[in-house]
Amino acid sequence: MLYLKSMKTILITGGSSGLGLRLCVDYLVGGHTVYATYLRHPNSLLYLKKRYSQLTPTFLDLSLPQIASPLPPQLDTLILFAGTLHSSLVLREQPETFEAIIQTNLSSNAMLCQQLHPLLEASQNPHLIIVSSLSALKGSVGQVAYSASKAALIGFAKSLAKEWAKDQIKVNVILPGFMTSRQTLTLEPHQISHLCEANILKRFGTLKEISSVIRCITDTHSISGQVFNLDSRLL
């Protein structure tokens, strides 16, 4: 009997760099259709488009009420990476900046889920993956708004998992942790050393490892409402 692999349509926000881009590439290599969003720098996606015709780069500004076209005609997996990071001690934080972080990281993602629910509902095995942060659980000095927004995403995901269970939409959260990437290697050596020491394995995760876990979860049929901490820094 010939086994036909099921091809999926994936929408990845924040898919133009880092983990989002790695996941985009891995899904494309697997033959899946990918819609990957960008905000300011589409070059990496435009380059990939030359090789993978099933890729559609899509502009997304989370400060706007709706995702820009093109929208996929169908959707099996929605992966939310896009967000913003701002550092400031709470006593110096401006109210408008705090609100902007919450709006971008929480409210806009919630409205995006609301908008794309009909497409997920129509899938045979729909998944929503929300990427949060270990800061949501342990906090981070100088990142009160960021940590609060990422913690709120966990509560949002758990509630959504219960609401959307009737539609068989699986909702899970990923805490990817500190990874070796082009962005993180810009940190000062002493910062990287400190983070490595806090890891009980004395090593960092890789984009390949995190991508593999996410893709594994989106192939399952009975896992929902869970928070997967992929960081080996113990709380």
# chains A, B, ... in the order shown; residues from 1 in each chain; ligands from 1
call {"tool": "residues_around", "arguments": {"residues": "Leu128 of chain A", "least_positions_apart": "3", "cutoff": "6 Å", "atoms": "only C-alpha atoms", "output": "count of residues only"}}
result
4
call {"tool": "closest_atom_pairs", "arguments": {"of": "segment 94-125 of chain A", "to": "segment 143-162 of chain A", "cutoff": "10 Å", "atoms": "only C-alpha atoms", "output": "CSV"}}
result
residue,atom,partner,partner_atom,distance
A:Thr97,CA,A:Ala145,CA,8.6
A:Phe98,CA,A:Ala145,CA,5.6
A:Glu99,CA,A:Ala145,CA,8.1
A:Ala100,CA,A:Ala145,CA,9.1
A:Ile101,CA,A:Ala145,CA,6.3
A:Ile102,CA,A:Ser149,CA,5.4
A:Gln103,CA,A:Ser149,CA,8.6
A:Thr104,CA,A:Ser149,CA,8.8
A:Asn105,CA,A:Ser149,CA,6.0
A:Leu106,CA,A:Ser149,CA,5.8
A:Ser107,CA,A:Ser149,CA,9.1
A:Asn109,CA,A:Leu153,CA,8.8
A:Ala110,CA,A:Phe156,CA,7.9
A:Cys113,CA,A:Leu160,CA,9.5
call {"tool": "atom_distance", "arguments": {"atom1": "atom CA of Cys24 of chain A", "atom2": "atom CA of Gly139 of chain A"}}
result
29.1 Å
call {"tool": "residues_around", "arguments": {"residues": "Lys49 of chain A", "least_positions_apart": "5", "cutoff": "12 Å", "atoms": "only C-alpha atoms", "output": "JSON, numbers by chain"}}
result
{"A": [16, 24, 25, 28, 33, 34, 35, 36, 42, 43, 44, 54, 55, 56, 57, 58]}
call {"tool": "select_by_dssp", "arguments": {"residues": "segment 72-193 of chain A", "states": "alpha helix (DSSP H)", "output": "MDAnalysis selection string"}}
result
chainID A and resid 95:102 108:121 135:138 144:163 189:193
call {"tool": "atom_distance", "arguments": {"atom1": "atom CA of Ser123 of chain A", "atom2": "atom CA of Met111 of chain A"}}
result
19.6 Å
call {"tool": "residues_around", "arguments": {"residues": "Asn125 of chain A", "least_positions_apart": "5", "cutoff": "10 Å", "atoms": "only C-alpha atoms", "output": "compact mmCIF listing (two decimals) with all heavy atoms, in the first residue's frame"}}
result
# COMPACT_ATOMS: atom_id res chain seq x y z
N LYS A 8 0.13 19.91 4.92
CA LYS A 8 -0.60 20.88 5.72
C LYS A 8 -0.33 22.31 5.24
O LYS A 8 0.67 22.58 4.57
CB LYS A 8 -0.19 20.76 7.19
CG LYS A 8 -0.52 19.43 7.82
CD LYS A 8 -0.16 19.39 9.30
CE LYS A 8 1.33 19.36 9.52
NZ LYS A 8 1.69 19.12 10.94
N LEU A 75 -6.35 26.45 6.55
CA LEU A 75 -5.29 26.56 7.55
C LEU A 75 -5.36 25.37 8.50
O LEU A 75 -6.41 25.08 9.07
CB LEU A 75 -5.45 27.86 8.35
CG LEU A 75 -4.37 28.18 9.39
CD1 LEU A 75 -3.00 28.29 8.73
CD2 LEU A 75 -4.71 29.47 10.11
N ASP A 76 -4.24 24.68 8.64
CA ASP A 76 -4.16 23.54 9.55
C ASP A 76 -3.41 23.88 10.84
O ASP A 76 -3.76 23.37 11.91
CB ASP A 76 -3.45 22.37 8.86
CG ASP A 76 -4.19 21.93 7.61
OD1 ASP A 76 -5.34 21.47 7.73
OD2 ASP A 76 -3.62 22.07 6.51
N THR A 77 -2.41 24.73 10.74
CA THR A 77 -1.59 25.06 11.90
C THR A 77 -1.28 26.55 11.92
O THR A 77 -0.82 27.10 10.91
CB THR A 77 -0.27 24.27 11.89
OG1 THR A 77 -0.56 22.86 11.92
CG2 THR A 77 0.58 24.62 13.08
N LEU A 120 -9.15 27.45 10.94
CA LEU A 120 -8.69 26.33 11.76
C LEU A 120 -9.80 25.33 12.00
O LEU A 120 -9.58 24.11 11.95
CB LEU A 120 -8.15 26.85 13.10
CG LEU A 120 -6.79 27.55 13.09
CD1 LEU A 120 -6.51 28.16 14.45
CD2 LEU A 120 -5.68 26.59 12.70
N ASP A 167 -14.17 22.22 18.82
CA ASP A 167 -13.81 22.24 17.41
C ASP A 167 -12.58 21.40 17.11
O ASP A 167 -12.09 21.40 15.98
CB ASP A 167 -13.55 23.69 16.96
CG ASP A 167 -14.73 24.60 17.21
OD1 ASP A 167 -15.86 24.18 16.93
OD2 ASP A 167 -14.52 25.74 17.69
N GLN A 168 -12.09 20.68 18.14
CA GLN A 168 -10.90 19.84 18.02
C GLN A 168 -9.64 20.65 17.68
O GLN A 168 -8.67 20.10 17.14
CB GLN A 168 -11.11 18.73 16.98
CG GLN A 168 -12.16 17.70 17.36
CD GLN A 168 -11.78 16.95 18.66
OE1 GLN A 168 -10.73 16.32 18.73
NE2 GLN A 168 -12.63 17.05 19.66
N ILE A 169 -9.65 21.94 18.02
CA ILE A 169 -8.46 22.77 17.82
C ILE A 169 -7.56 22.62 19.04
O ILE A 169 -7.95 22.95 20.15
CB ILE A 169 -8.84 24.25 17.61
CG1 ILE A 169 -9.73 24.40 16.37
CG2 ILE A 169 -7.58 25.10 17.46
CD1 ILE A 169 -10.26 25.82 16.17
N LYS A 170 -6.39 22.09 18.81
CA LYS A 170 -5.43 21.90 19.89
C LYS A 170 -4.63 23.19 20.11
O LYS A 170 -4.07 23.72 19.15
CB LYS A 170 -4.48 20.75 19.58
CG LYS A 170 -5.01 19.36 19.87
CD LYS A 170 -6.12 18.93 18.90
CE LYS A 170 -5.57 18.66 17.52
NZ LYS A 170 -6.65 18.20 16.58
N THR A 218 2.55 19.47 16.47
CA THR A 218 1.50 19.77 15.50
C THR A 218 1.10 18.57 14.66
O THR A 218 0.20 18.68 13.82
CB THR A 218 1.92 20.94 14.58
OG1 THR A 218 3.13 20.60 13.88
CG2 THR A 218 2.15 22.20 15.39
N ASP A 219 1.75 17.44 14.88
CA ASP A 219 1.33 16.20 14.23
C ASP A 219 0.44 15.35 15.13
O ASP A 219 -0.09 14.33 14.70
CB ASP A 219 2.56 15.37 13.82
CG ASP A 219 3.20 15.88 12.54
OD1 ASP A 219 2.49 16.51 11.74
OD2 ASP A 219 4.41 15.65 12.36
N THR A 220 0.29 15.75 16.40
CA THR A 220 -0.49 14.96 17.35
C THR A 220 -1.98 15.27 17.21
O THR A 220 -2.39 16.25 16.59
CB THR A 220 -0.05 15.25 18.80
OG1 THR A 220 -0.34 16.62 19.12
CG2 THR A 220 1.44 14.99 18.96
N HIS A 221 -2.81 14.42 17.85
CA HIS A 221 -4.27 14.57 17.78
C HIS A 221 -4.92 14.72 19.15
O HIS A 221 -6.13 14.97 19.22
CB HIS A 221 -4.89 13.37 17.06
CG HIS A 221 -4.56 13.30 15.60
ND1 HIS A 221 -5.41 13.74 14.61
CD2 HIS A 221 -3.45 12.84 14.97
CE1 HIS A 221 -4.85 13.56 13.43
NE2 HIS A 221 -3.66 13.00 13.62
N SER A 222 -4.17 14.56 20.22
CA SER A 222 -4.82 14.52 21.53
C SER A 222 -4.07 15.29 22.62
O SER A 222 -4.21 15.00 23.81
CB SER A 222 -5.01 13.07 21.98
OG SER A 222 -3.76 12.40 22.03
call {"tool": "atom_distance", "arguments": {"atom1": "atom CA of Asn172 of chain A", "atom2": "atom CA of Leu112 of chain A"}}
result
15.9 Å
call {"tool": "closest_residue", "arguments": {"among": "A:Ser133, A:Gly14, A:Tyr27, A:Val90", "to": "Cys216 of chain A", "atoms": "only C-alpha atoms"}}
result
A:Tyr27
call {"tool": "select_by_dssp", "arguments": {"residues": "segment 52-117 of chain A", "states": "strand (DSSP E)", "output": "NGL selection string"}}
result
:A and (55-59 or 77-80)
call {"tool": "write_last_selection", "arguments": {"atoms": "N, CA, C and O atoms", "output": "PDB file, in the first residue's frame"}}
result
ATOM      1  N   LEU A  55       5.643  28.790  -0.660  1.00  0.00           N
ATOM      2  CA  LEU A  55       5.797  29.804   0.379  1.00  0.00           C
ATOM      3  C   LEU A  55       5.133  31.109  -0.051  1.00  0.00           C
ATOM      4  O   LEU A  55       5.326  31.565  -1.181  1.00  0.00           O
ATOM      5  N   THR A  56       4.370  31.704   0.867  1.00  0.00           N
ATOM      6  CA  THR A  56       3.763  33.010   0.619  1.00  0.00           C
ATOM      7  C   THR A  56       4.178  33.985   1.723  1.00  0.00           C
ATOM      8  O   THR A  56       3.664  33.904   2.843  1.00  0.00           O
ATOM      9  N   PRO A  57       5.113  34.897   1.446  1.00  0.00           N
ATOM     10  CA  PRO A  57       5.444  35.938   2.426  1.00  0.00           C
ATOM     11  C   PRO A  57       4.247  36.866   2.619  1.00  0.00           C
ATOM     12  O   PRO A  57       3.606  37.277   1.647  1.00  0.00           O
ATOM     13  N   THR A  58       3.938  37.200   3.861  1.00  0.00           N
ATOM     14  CA  THR A  58       2.756  37.997   4.179  1.00  0.00           C
ATOM     15  C   THR A  58       3.113  39.083   5.182  1.00  0.00           C
ATOM     16  O   THR A  58       3.667  38.799   6.240  1.00  0.00           O
ATOM     17  N   PHE A  59       2.781  40.322   4.838  1.00  0.00           N
ATOM     18  CA  PHE A  59       3.046  41.438   5.746  1.00  0.00           C
ATOM     19  C   PHE A  59       2.096  41.370   6.936  1.00  0.00           C
ATOM     20  O   PHE A  59       0.900  41.123   6.788  1.00  0.00           O
ATOM     21  N   THR A  77      -2.412  24.727  10.735  1.00  0.00           N
ATOM     22  CA  THR A  77      -1.594  25.061  11.899  1.00  0.00           C
ATOM     23  C   THR A  77      -1.284  26.547  11.917  1.00  0.00           C
ATOM     24  O   THR A  77      -0.824  27.101  10.910  1.00  0.00           O
ATOM     25  N   LEU A  78      -1.521  27.159  13.058  1.00  0.00           N
ATOM     26  CA  LEU A  78      -1.182  28.570  13.271  1.00  0.00           C
ATOM     27  C   LEU A  78      -0.125  28.638  14.367  1.00  0.00           C
ATOM     28  O   LEU A  78      -0.345  28.130  15.472  1.00  0.00           O
ATOM     29  N   ILE A  79       1.016  29.238  14.067  1.00  0.00           N
ATOM     30  CA  ILE A  79       2.110  29.347  15.032  1.00  0.00           C
ATOM     31  C   ILE A  79       2.423  30.824  15.243  1.00  0.00           C
ATOM     32  O   ILE A  79       2.796  31.525  14.298  1.00  0.00           O
ATOM     33  N   LEU A  80       2.261  31.283  16.482  1.00  0.00           N
ATOM     34  CA  LEU A  80       2.410  32.704  16.789  1.00  0.00           C
ATOM     35  C   LEU A  80       3.764  32.984  17.443  1.00  0.00           C
ATOM     36  O   LEU A  80       3.965  32.721  18.631  1.00  0.00           O
TER      37      LEU A  80
END
call {"tool": "closest_residue", "arguments": {"among": "A:Met179, A:Arg233, A:Gln226, A:Ala82", "to": "Ile200 of chain A", "atoms": "only C-alpha atoms"}}
result
A:Arg233
call {"tool": "decode", "arguments": {"residues": "segment 144-163 of chain A", "atoms": "N, CA, C and O atoms", "output": "JSON list (two decimals), in the first residue's frame"}}
result
[["chain", "number", "residue", "atom", "x", "y", "z"],
["A", 144, "VAL", "N", 9.32, 44.03, 32.81],
["A", 144, "VAL", "CA", 8.04, 43.79, 33.48],
["A", 144, "VAL", "C", 6.90, 43.65, 32.47],
["A", 144, "VAL", "O", 6.11, 42.71, 32.54],
["A", 145, "ALA", "N", 6.81, 44.57, 31.52],
["A", 145, "ALA", "CA", 5.72, 44.53, 30.55],
["A", 145, "ALA", "C", 5.82, 43.28, 29.67],
["A", 145, "ALA", "O", 4.83, 42.60, 29.40],
["A", 146, "TYR", "N", 7.05, 42.96, 29.24],
["A", 146, "TYR", "CA", 7.26, 41.78, 28.41],
["A", 146, "TYR", "C", 6.89, 40.51, 29.17],
["A", 146, "TYR", "O", 6.15, 39.66, 28.65],
["A", 147, "SER", "N", 7.38, 40.38, 30.39],
["A", 147, "SER", "CA", 7.10, 39.18, 31.19],
["A", 147, "SER", "C", 5.61, 39.05, 31.46],
["A", 147, "SER", "O", 5.04, 37.96, 31.40],
["A", 148, "ALA", "N", 4.96, 40.18, 31.76],
["A", 148, "ALA", "CA", 3.52, 40.16, 32.03],
["A", 148, "ALA", "C", 2.74, 39.73, 30.81],
["A", 148, "ALA", "O", 1.79, 38.93, 30.89],
["A", 149, "SER", "N", 3.12, 40.24, 29.63],
["A", 149, "SER", "CA", 2.40, 39.89, 28.41],
["A", 149, "SER", "C", 2.59, 38.42, 28.05],
["A", 149, "SER", "O", 1.66, 37.75, 27.60],
["A", 150, "LYS", "N", 3.80, 37.90, 28.28],
["A", 150, "LYS", "CA", 4.06, 36.50, 27.97],
["A", 150, "LYS", "C", 3.36, 35.56, 28.97],
["A", 150, "LYS", "O", 2.93, 34.46, 28.61],
["A", 151, "ALA", "N", 3.25, 36.00, 30.23],
["A", 151, "ALA", "CA", 2.51, 35.22, 31.21],
["A", 151, "ALA", "C", 1.02, 35.21, 30.86],
["A", 151, "ALA", "O", 0.34, 34.19, 30.98],
["A", 152, "ALA", "N", 0.53, 36.34, 30.41],
["A", 152, "ALA", "CA", -0.88, 36.44, 30.02],
["A", 152, "ALA", "C", -1.20, 35.52, 28.84],
["A", 152, "ALA", "O", -2.30, 34.96, 28.75],
["A", 153, "LEU", "N", -0.23, 35.33, 27.96],
["A", 153, "LEU", "CA", -0.44, 34.43, 26.82],
["A", 153, "LEU", "C", -0.69, 32.99, 27.28],
["A", 153, "LEU", "O", -1.44, 32.25, 26.64],
["A", 154, "ILE", "N", -0.07, 32.60, 28.39],
["A", 154, "ILE", "CA", -0.28, 31.25, 28.90],
["A", 154, "ILE", "C", -1.71, 31.09, 29.39],
["A", 154, "ILE", "O", -2.39, 30.10, 29.09],
["A", 155, "GLY", "N", -2.19, 32.08, 30.16],
["A", 155, "GLY", "CA", -3.58, 32.03, 30.61],
["A", 155, "GLY", "C", -4.55, 32.07, 29.44],
["A", 155, "GLY", "O", -5.57, 31.37, 29.43],
["A", 156, "PHE", "N", -4.23, 32.89, 28.44],
["A", 156, "PHE", "CA", -5.06, 32.97, 27.23],
["A", 156, "PHE", "C", -5.12, 31.62, 26.53],
["A", 156, "PHE", "O", -6.20, 31.15, 26.14],
["A", 157, "ALA", "N", -3.97, 30.96, 26.38],
["A", 157, "ALA", "CA", -3.92, 29.68, 25.68],
["A", 157, "ALA", "C", -4.70, 28.60, 26.42],
["A", 157, "ALA", "O", -5.41, 27.79, 25.79],
["A", 158, "LYS", "N", -4.57, 28.55, 27.73],
["A", 158, "LYS", "CA", -5.28, 27.53, 28.50],
["A", 158, "LYS", "C", -6.80, 27.73, 28.40],
["A", 158, "LYS", "O", -7.56, 26.75, 28.30],
["A", 159, "SER", "N", -7.25, 28.97, 28.45],
["A", 159, "SER", "CA", -8.67, 29.24, 28.30],
["A", 159, "SER", "C", -9.15, 28.91, 26.90],
["A", 159, "SER", "O", -10.22, 28.32, 26.71],
["A", 160, "LEU", "N", -8.32, 29.27, 25.91],
["A", 160, "LEU", "CA", -8.68, 29.01, 24.52],
["A", 160, "LEU", "C", -8.75, 27.51, 24.24],
["A", 160, "LEU", "O", -9.60, 27.04, 23.47],
["A", 161, "ALA", "N", -7.84, 26.76, 24.87],
["A", 161, "ALA", "CA", -7.85, 25.30, 24.69],
["A", 161, "ALA", "C", -9.19, 24.72, 25.12],
["A", 161, "ALA", "O", -9.72, 23.79, 24.49],
["A", 162, "LYS", "N", -9.76, 25.25, 26.20],
["A", 162, "LYS", "CA", -11.06, 24.76, 26.68],
["A", 162, "LYS", "C", -12.19, 25.22, 25.76],
["A", 162, "LYS", "O", -13.10, 24.46, 25.45],
["A", 163, "GLU", "N", -12.13, 26.47, 25.31],
["A", 163, "GLU", "CA", -13.18, 27.00, 24.45],
["A", 163, "GLU", "C", -13.21, 26.30, 23.09],
["A", 163, "GLU", "O", -14.28, 26.04, 22.54]]
